[in-house]
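Q: This is the structure I want to talk about, given as structure tokens.
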Amino acid sequence: QQQVKQSPQSLIVQKGGISIINCAYENTAFDYFPWYQQFPGKGPALLIAIRPDVSEKKEGRFTISFNKSAKQFSLHIMDSQPGDSATYFCAASRGETSGSRLTFGEGTQLTVNP
Amino acid sequence: NAGVTQTPKFRVLKTGQSMTLLCAQDMNHEYMYWYRQDPGMGLRLIHYSVGEGTTAKGEVPDGYNVSRLKKQNFLLGLESAAPSQTSVYFCASSLWTGAYEQYFGPGTRLTVT
């Protein structure tokens with residue numbers, strides 16, 4: 001049972017465009033929503049994260065939008081660059097009482113064409 | 001500071017063989033995790049540990065065992081490998097003080113024939 005659903009599975013964007021990846025979750029006990037970035041042959045690395053008490057968080061060209069009532073959150077990459085080409089995973093966690101375990105979405109393979 | 005390291009990087013096993021994957025971290029993290037990554041399925045948690053001497057089952061624990069005898073090491077064992085265990089395995093670690101960021105190792109690509 002996939003508790004975090006991610007879409008699209010793959011995304012192709014032109015350089016300078018906006019990349020948008022969406023995730024939906026089911027468990028209202030989740031209290032931490034990170035996005036991880038993974039380059040080929042590497043392990044995932046934390047990109048940006050948000051907690052449900054805020055609706056938006058921005059770090060450089062990367063923004064998380066969070067809609068608690070809809071149980072959805074999304075990653076926006078502004079001015080997308082070829083170096084952003086990677087696989088992106090959304091995730092959710094229920095906190096330390098559950099060992100800070102992360103439940104991951106299926107992943108989105110982003111390709112930014114020059 | 002090497003972060004999280006995994007040994008080996010690649011391995012090919014025959015069905016029924018056993019092996020152990022080693023994960024080591026030098027960040028003094030309390031929590032450690034083993035995931036498997038399969039195409040279109042994201043990362044799925046196999047087992048995890050919230051401290052030395054403790055382990056717990058994750059989402060897909062069947063066919064795997066783990067041990068955390070030392071705080072810095074987390075071992076993943078396959079007693080009798082099956083083709084369904086062909087995957088890329090990632091180890092991760094994190095602090096326990098509410099900082100949920102997990103630091104991942106470079107992965108082990110395992111093929112079971």
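Naming scheme: A, B, ... for chains in displayed order of the structure tokens; residues 1 onward per chain; ligands 1 onward as shown.
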Env of Ile48 in chain A: 12 Å cut, atoms = only C-alpha atoms, seq-sep filter 5 positions within chain, self excluded. Answer as a PyMOL selection string.
A: (chain A and resi 32-37+56-65+74-77+88-91) or (chain B and resi 100-101)
Q: Keeping only N, CA and C atoms, take the residues you just selected and write them out as a PDB file, in the first residue's frame.
A:
```pdb
ATOM      1  N   TYR A  32       6.238  15.762   8.532  1.00  0.00           N
ATOM      2  CA  TYR A  32       7.481  16.236   7.911  1.00  0.00           C
ATOM      3  C   TYR A  32       7.469  15.739   6.488  1.00  0.00           C
ATOM      4  N   PHE A  33       7.705  16.680   5.532  1.00  0.00           N
ATOM      5  CA  PHE A  33       7.570  16.341   4.120  1.00  0.00           C
ATOM      6  C   PHE A  33       8.822  16.823   3.379  1.00  0.00           C
ATOM      7  N   PRO A  34       9.773  15.930   3.156  1.00  0.00           N
ATOM      8  CA  PRO A  34      10.995  16.312   2.439  1.00  0.00           C
ATOM      9  C   PRO A  34      10.951  15.915   0.971  1.00  0.00           C
ATOM     10  N   TRP A  35      11.777  16.564   0.207  1.00  0.00           N
ATOM     11  CA  TRP A  35      12.036  16.154  -1.173  1.00  0.00           C
ATOM     12  C   TRP A  35      13.515  15.764  -1.262  1.00  0.00           C
ATOM     13  N   TYR A  36      13.760  14.629  -1.930  1.00  0.00           N
ATOM     14  CA  TYR A  36      15.122  14.164  -2.129  1.00  0.00           C
ATOM     15  C   TYR A  36      15.441  14.174  -3.620  1.00  0.00           C
ATOM     16  N   GLN A  37      16.704  14.466  -3.917  1.00  0.00           N
ATOM     17  CA  GLN A  37      17.192  14.517  -5.286  1.00  0.00           C
ATOM     18  C   GLN A  37      18.228  13.417  -5.452  1.00  0.00           C
ATOM     19  N   GLU A  56       4.156  27.230   2.366  1.00  0.00           N
ATOM     20  CA  GLU A  56       5.157  27.335   1.305  1.00  0.00           C
ATOM     21  C   GLU A  56       6.535  27.534   1.907  1.00  0.00           C
ATOM     22  N   LYS A  57       7.528  26.924   1.243  1.00  0.00           N
ATOM     23  CA  LYS A  57       8.921  27.135   1.644  1.00  0.00           C
ATOM     24  C   LYS A  57       9.756  27.250   0.388  1.00  0.00           C
ATOM     25  N   LYS A  58      10.598  28.268   0.356  1.00  0.00           N
ATOM     26  CA  LYS A  58      11.402  28.521  -0.824  1.00  0.00           C
ATOM     27  C   LYS A  58      12.880  28.519  -0.463  1.00  0.00           C
ATOM     28  N   GLU A  59      13.660  27.833  -1.287  1.00  0.00           N
ATOM     29  CA  GLU A  59      15.118  27.849  -1.135  1.00  0.00           C
ATOM     30  C   GLU A  59      15.722  27.972  -2.526  1.00  0.00           C
ATOM     31  N   GLY A  60      16.144  29.194  -2.855  1.00  0.00           N
ATOM     32  CA  GLY A  60      16.690  29.430  -4.178  1.00  0.00           C
ATOM     33  C   GLY A  60      15.645  29.210  -5.251  1.00  0.00           C
ATOM     34  N   ARG A  61      15.928  28.354  -6.206  1.00  0.00           N
ATOM     35  CA  ARG A  61      14.972  28.093  -7.293  1.00  0.00           C
ATOM     36  C   ARG A  61      13.948  27.020  -6.938  1.00  0.00           C
ATOM     37  N   PHE A  62      14.067  26.443  -5.756  1.00  0.00           N
ATOM     38  CA  PHE A  62      13.205  25.337  -5.351  1.00  0.00           C
ATOM     39  C   PHE A  62      12.163  25.803  -4.330  1.00  0.00           C
ATOM     40  N   THR A  63      10.897  25.461  -4.581  1.00  0.00           N
ATOM     41  CA  THR A  63       9.807  25.834  -3.696  1.00  0.00           C
ATOM     42  C   THR A  63       8.921  24.628  -3.434  1.00  0.00           C
ATOM     43  N   ILE A  64       8.560  24.439  -2.151  1.00  0.00           N
ATOM     44  CA  ILE A  64       7.539  23.447  -1.802  1.00  0.00           C
ATOM     45  C   ILE A  64       6.260  24.205  -1.510  1.00  0.00           C
ATOM     46  N   SER A  65       5.168  23.757  -2.125  1.00  0.00           N
ATOM     47  CA  SER A  65       3.836  24.251  -1.785  1.00  0.00           C
ATOM     48  C   SER A  65       3.096  23.140  -1.067  1.00  0.00           C
ATOM     49  N   SER A  74       3.732  19.874  -3.362  1.00  0.00           N
ATOM     50  CA  SER A  74       4.369  19.856  -4.667  1.00  0.00           C
ATOM     51  C   SER A  74       5.715  20.563  -4.615  1.00  0.00           C
ATOM     52  N   LEU A  75       6.555  20.184  -5.562  1.00  0.00           N
ATOM     53  CA  LEU A  75       7.876  20.802  -5.728  1.00  0.00           C
ATOM     54  C   LEU A  75       7.867  21.584  -7.029  1.00  0.00           C
ATOM     55  N   HIS A  76       8.265  22.857  -6.940  1.00  0.00           N
ATOM     56  CA  HIS A  76       8.393  23.690  -8.120  1.00  0.00           C
ATOM     57  C   HIS A  76       9.865  24.040  -8.293  1.00  0.00           C
ATOM     58  N   ILE A  77      10.374  23.806  -9.491  1.00  0.00           N
ATOM     59  CA  ILE A  77      11.752  24.203  -9.805  1.00  0.00           C
ATOM     60  C   ILE A  77      11.670  25.301 -10.846  1.00  0.00           C
ATOM     61  N   TYR A  88      13.618  12.753  -8.648  1.00  0.00           N
ATOM     62  CA  TYR A  88      13.149  13.445  -7.448  1.00  0.00           C
ATOM     63  C   TYR A  88      12.127  12.568  -6.720  1.00  0.00           C
ATOM     64  N   PHE A  89      12.304  12.479  -5.418  1.00  0.00           N
ATOM     65  CA  PHE A  89      11.400  11.702  -4.580  1.00  0.00           C
ATOM     66  C   PHE A  89      10.771  12.613  -3.528  1.00  0.00           C
ATOM     67  N   CYS A  90       9.465  12.566  -3.404  1.00  0.00           N
ATOM     68  CA  CYS A  90       8.847  13.168  -2.241  1.00  0.00           C
ATOM     69  C   CYS A  90       8.769  12.103  -1.147  1.00  0.00           C
ATOM     70  N   ALA A  91       8.617  12.526   0.076  1.00  0.00           N
ATOM     71  CA  ALA A  91       8.546  11.590   1.191  1.00  0.00           C
ATOM     72  C   ALA A  91       7.752  12.215   2.325  1.00  0.00           C
TER      73      ALA A  91
ATOM     74  N   TYR B 100      14.934  15.284  10.912  1.00  0.00           N
ATOM     75  CA  TYR B 100      14.574  14.081  10.222  1.00  0.00           C
ATOM     76  C   TYR B 100      15.395  13.810   8.979  1.00  0.00           C
ATOM     77  N   GLU B 101      16.361  14.703   8.663  1.00  0.00           N
ATOM     78  CA  GLU B 101      17.124  14.491   7.446  1.00  0.00           C
ATOM     79  C   GLU B 101      17.867  13.176   7.520  1.00  0.00           C
TER      80      GLU B 101
END
```
Q: Pull out every residue of chain A that has at least one atom within 7 Å of chain B, counting only C-alpha atoms, and report them as a list in words.
A: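 Applying the cut-off to the listed atoms yields Lys42, Gly43, Pro44, Ala45, Leu46, Glu96, Gly99, Ser100, Phe104, Gly105, Glu106 and Gly107 of chain A.
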Q: Got time to write the residues from that selection, C-alpha atoms, as a PDB file, in the first residue's frame?
A:
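After the write, again-v2.pdb holds the following:
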```
ATOM      1  CA  LYS A  42      24.363   8.149  -6.294  1.00  0.00           C
ATOM      2  CA  GLY A  43      22.295   7.947  -3.165  1.00  0.00           C
ATOM      3  CA  PRO A  44      19.399  10.372  -2.622  1.00  0.00           C
ATOM      4  CA  ALA A  45      20.203  13.678  -0.938  1.00  0.00           C
ATOM      5  CA  LEU A  46      17.856  16.043   0.877  1.00  0.00           C
ATOM      6  CA  GLU A  96      10.583  10.259  16.154  1.00  0.00           C
ATOM      7  CA  GLY A  99      11.894   6.104  14.270  1.00  0.00           C
ATOM      8  CA  SER A 100      11.675   9.072  11.887  1.00  0.00           C
ATOM      9  CA  PHE A 104       8.718   7.651  -0.231  1.00  0.00           C
ATOM     10  CA  GLY A 105       6.762   8.368  -3.370  1.00  0.00           C
ATOM     11  CA  GLU A 106       7.498   6.447  -6.551  1.00  0.00           C
ATOM     12  CA  GLY A 107       9.903   9.038  -7.952  1.00  0.00           C
TER      13      GLY A 107
END
```
Q: Counting only C-alpha atoms, figure out which residue out of B:Thr15, B:Ser87, B:Thr20, B:Ser93 gets nearest to Val66 in chain B.
A: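 When distances to Val66 in chain B are compared using only C-alpha atoms, the smallest one comes from B:Thr20.
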Q: Quick one: residues within 9 Å of Leu22 in chain B, only C-alpha atoms, excluding same-chain residues fewer than 3 positions away - as a list in words?
A: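 Neighbouring residues, sequence-local ones excluded: Thr5, Gln6, Thr7, Pro8, Asn73, Phe74, Leu75, Leu76, Gly77 and Cys91 of chain B.
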Q: Report the distance between CA of Leu13 in chain B and CA of Leu69 in chain B in Å, rounded to one decimal place.
A: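 CA of Leu69 in chain B lies at a distance of 25.4 Å from CA of Leu13 in chain B.
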Q: Can you tell me which residues surround Gln14 in chain A at a distance of at most 9 Å, considering only C-alpha atoms, apart from same-chain residues fewer than 3 positions away, and format the answer as a ChimeraX atom specification?
A: /A:17-18,80-82,111-114
Q: So, with only C-alpha atoms as the atoms that count, which of A:Leu110, A:Ala49, A:Leu102, A:Ala70 lies closest to Gly83 in chain A?
A: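 Counting only C-alpha atoms, the residue closest to Gly83 in chain A is A:Leu110.
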Q: Can you tell me how far CA of Ile46 in chain B sits from CA of Trp34 in chain B, in Å to one decimal?
A: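 Between these atoms lies a distance of 5.5 Å.
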Q: Quick check, in Å to one decimal: how far apart do CA of Asn22 in chain A and CA of Phe73 in chain A lie?
A: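 Going from CA of Asn22 in chain A over to CA of Phe73 in chain A covers 6.1 Å.
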Q: Tell me, which residues of chain B carry DSSP strand (DSSP E or B), written as an NGL selection string?
A: :B and (4-7 or 10-13 or 19-25 or 31-37 or 43-49 or 56-57 or 65-67 or 73-78 or 87-94 or 103-104 or 108-112)
Q: So that I can check the surroundings of Asn28 in chain B, please list as a PyMOL selection string every protein, DNA and RNA residue that reaches within 8 Å of it, counting only C-alpha atoms and ignoring chain neighbours fewer than 3 positions away.
A: chain B and resi 25+71-72+95
Q: Atoms to include: N, CA, C and O atoms. Write the selected residues as a PDB file, in the first residue's frame.
A:
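This is the output file out08.pdb:
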```pdb
ATOM      1  N   GLN B  25      28.655   4.515   9.311  1.00  0.00           N
ATOM      2  CA  GLN B  25      28.530   5.977   9.333  1.00  0.00           C
ATOM      3  C   GLN B  25      29.418   6.537  10.437  1.00  0.00           C
ATOM      4  O   GLN B  25      29.559   5.942  11.503  1.00  0.00           O
ATOM      5  N   LYS B  71      27.208   1.146  17.210  1.00  0.00           N
ATOM      6  CA  LYS B  71      26.411   2.314  16.818  1.00  0.00           C
ATOM      7  C   LYS B  71      26.713   2.731  15.377  1.00  0.00           C
ATOM      8  O   LYS B  71      25.812   3.147  14.652  1.00  0.00           O
ATOM      9  N   GLN B  72      27.946   2.621  14.943  1.00  0.00           N
ATOM     10  CA  GLN B  72      28.313   3.138  13.634  1.00  0.00           C
ATOM     11  C   GLN B  72      28.049   2.160  12.490  1.00  0.00           C
ATOM     12  O   GLN B  72      28.165   2.531  11.336  1.00  0.00           O
ATOM     13  N   LEU B  95      20.046  11.786  12.757  1.00  0.00           N
ATOM     14  CA  LEU B  95      20.062  12.114  14.169  1.00  0.00           C
ATOM     15  C   LEU B  95      18.717  11.762  14.778  1.00  0.00           C
ATOM     16  O   LEU B  95      17.741  11.518  14.073  1.00  0.00           O
TER      17      LEU B  95
END
```
Q: Leaving out Tyr64 in chain B and any residue of its chain fewer than 2 positions from it, which residues lie within 6 Å of it when counting only C-alpha atoms, given as a PyMOL selection string?
A: chain B and resi 61-62+77-78
Q: Identify, with DSSP run on backbone atoms, the residues in chain A assigned to helix (DSSP H, G or I), and express the list as a list in words.
A: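 These are the residues in question: Pro82, Gly83, Asp84, Glu96, Thr97 and Ser98 of chain A.
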Q: Could you turn the residues from that selection into a file that holds all heavy atoms, as a JSON list (two decimals), in the first residue's frame?
A:
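Result file follows (out31.json):
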```
[["chain", "number", "residue", "atom", "x", "y", "z"],
["A", 82, "PRO", "N", 19.83, 22.23, -17.02],
["A", 82, "PRO", "CA", 20.22, 20.84, -17.33],
["A", 82, "PRO", "C", 20.82, 20.11, -16.12],
["A", 82, "PRO", "O", 20.64, 18.90, -15.98],
["A", 82, "PRO", "CB", 21.24, 21.02, -18.45],
["A", 82, "PRO", "CG", 20.79, 22.27, -19.16],
["A", 82, "PRO", "CD", 20.30, 23.18, -18.05],
["A", 83, "GLY", "N", 21.50, 20.84, -15.26],
["A", 83, "GLY", "CA", 22.07, 20.24, -14.06],
["A", 83, "GLY", "C", 21.03, 19.78, -13.05],
["A", 83, "GLY", "O", 21.36, 19.06, -12.11],
["A", 84, "ASP", "N", 19.77, 20.18, -13.25],
["A", 84, "ASP", "CA", 18.68, 19.72, -12.38],
["A", 84, "ASP", "C", 18.17, 18.35, -12.81],
["A", 84, "ASP", "O", 17.34, 17.76, -12.12],
["A", 84, "ASP", "CB", 17.51, 20.71, -12.42],
["A", 84, "ASP", "CG", 17.87, 22.08, -11.89],
["A", 84, "ASP", "OD1", 18.76, 22.18, -11.02],
["A", 84, "ASP", "OD2", 17.27, 23.07, -12.36],
["A", 96, "GLU", "N", 9.65, 11.10, 15.41],
["A", 96, "GLU", "CA", 10.58, 10.26, 16.15],
["A", 96, "GLU", "C", 9.93, 9.04, 16.76],
["A", 96, "GLU", "O", 10.57, 8.01, 16.95],
["A", 96, "GLU", "CB", 11.24, 11.09, 17.26],
["A", 96, "GLU", "CG", 12.22, 12.11, 16.73],
["A", 96, "GLU", "CD", 12.85, 12.91, 17.84],
["A", 96, "GLU", "OE1", 13.17, 12.31, 18.88],
["A", 96, "GLU", "OE2", 12.99, 14.12, 17.69],
["A", 97, "THR", "N", 8.63, 9.12, 17.09],
["A", 97, "THR", "CA", 7.97, 7.97, 17.69],
["A", 97, "THR", "C", 7.92, 6.80, 16.74],
["A", 97, "THR", "O", 7.74, 5.66, 17.16],
["A", 97, "THR", "CB", 6.54, 8.32, 18.13],
["A", 97, "THR", "OG1", 5.82, 8.85, 17.01],
["A", 97, "THR", "CG2", 6.55, 9.34, 19.24],
["A", 98, "SER", "N", 8.08, 7.06, 15.47],
["A", 98, "SER", "CA", 8.11, 5.96, 14.50],
["A", 98, "SER", "C", 9.53, 5.77, 13.97],
["A", 98, "SER", "O", 9.72, 5.22, 12.90],
["A", 98, "SER", "CB", 7.14, 6.26, 13.35],
["A", 98, "SER", "OG", 7.61, 7.37, 12.59]]
```
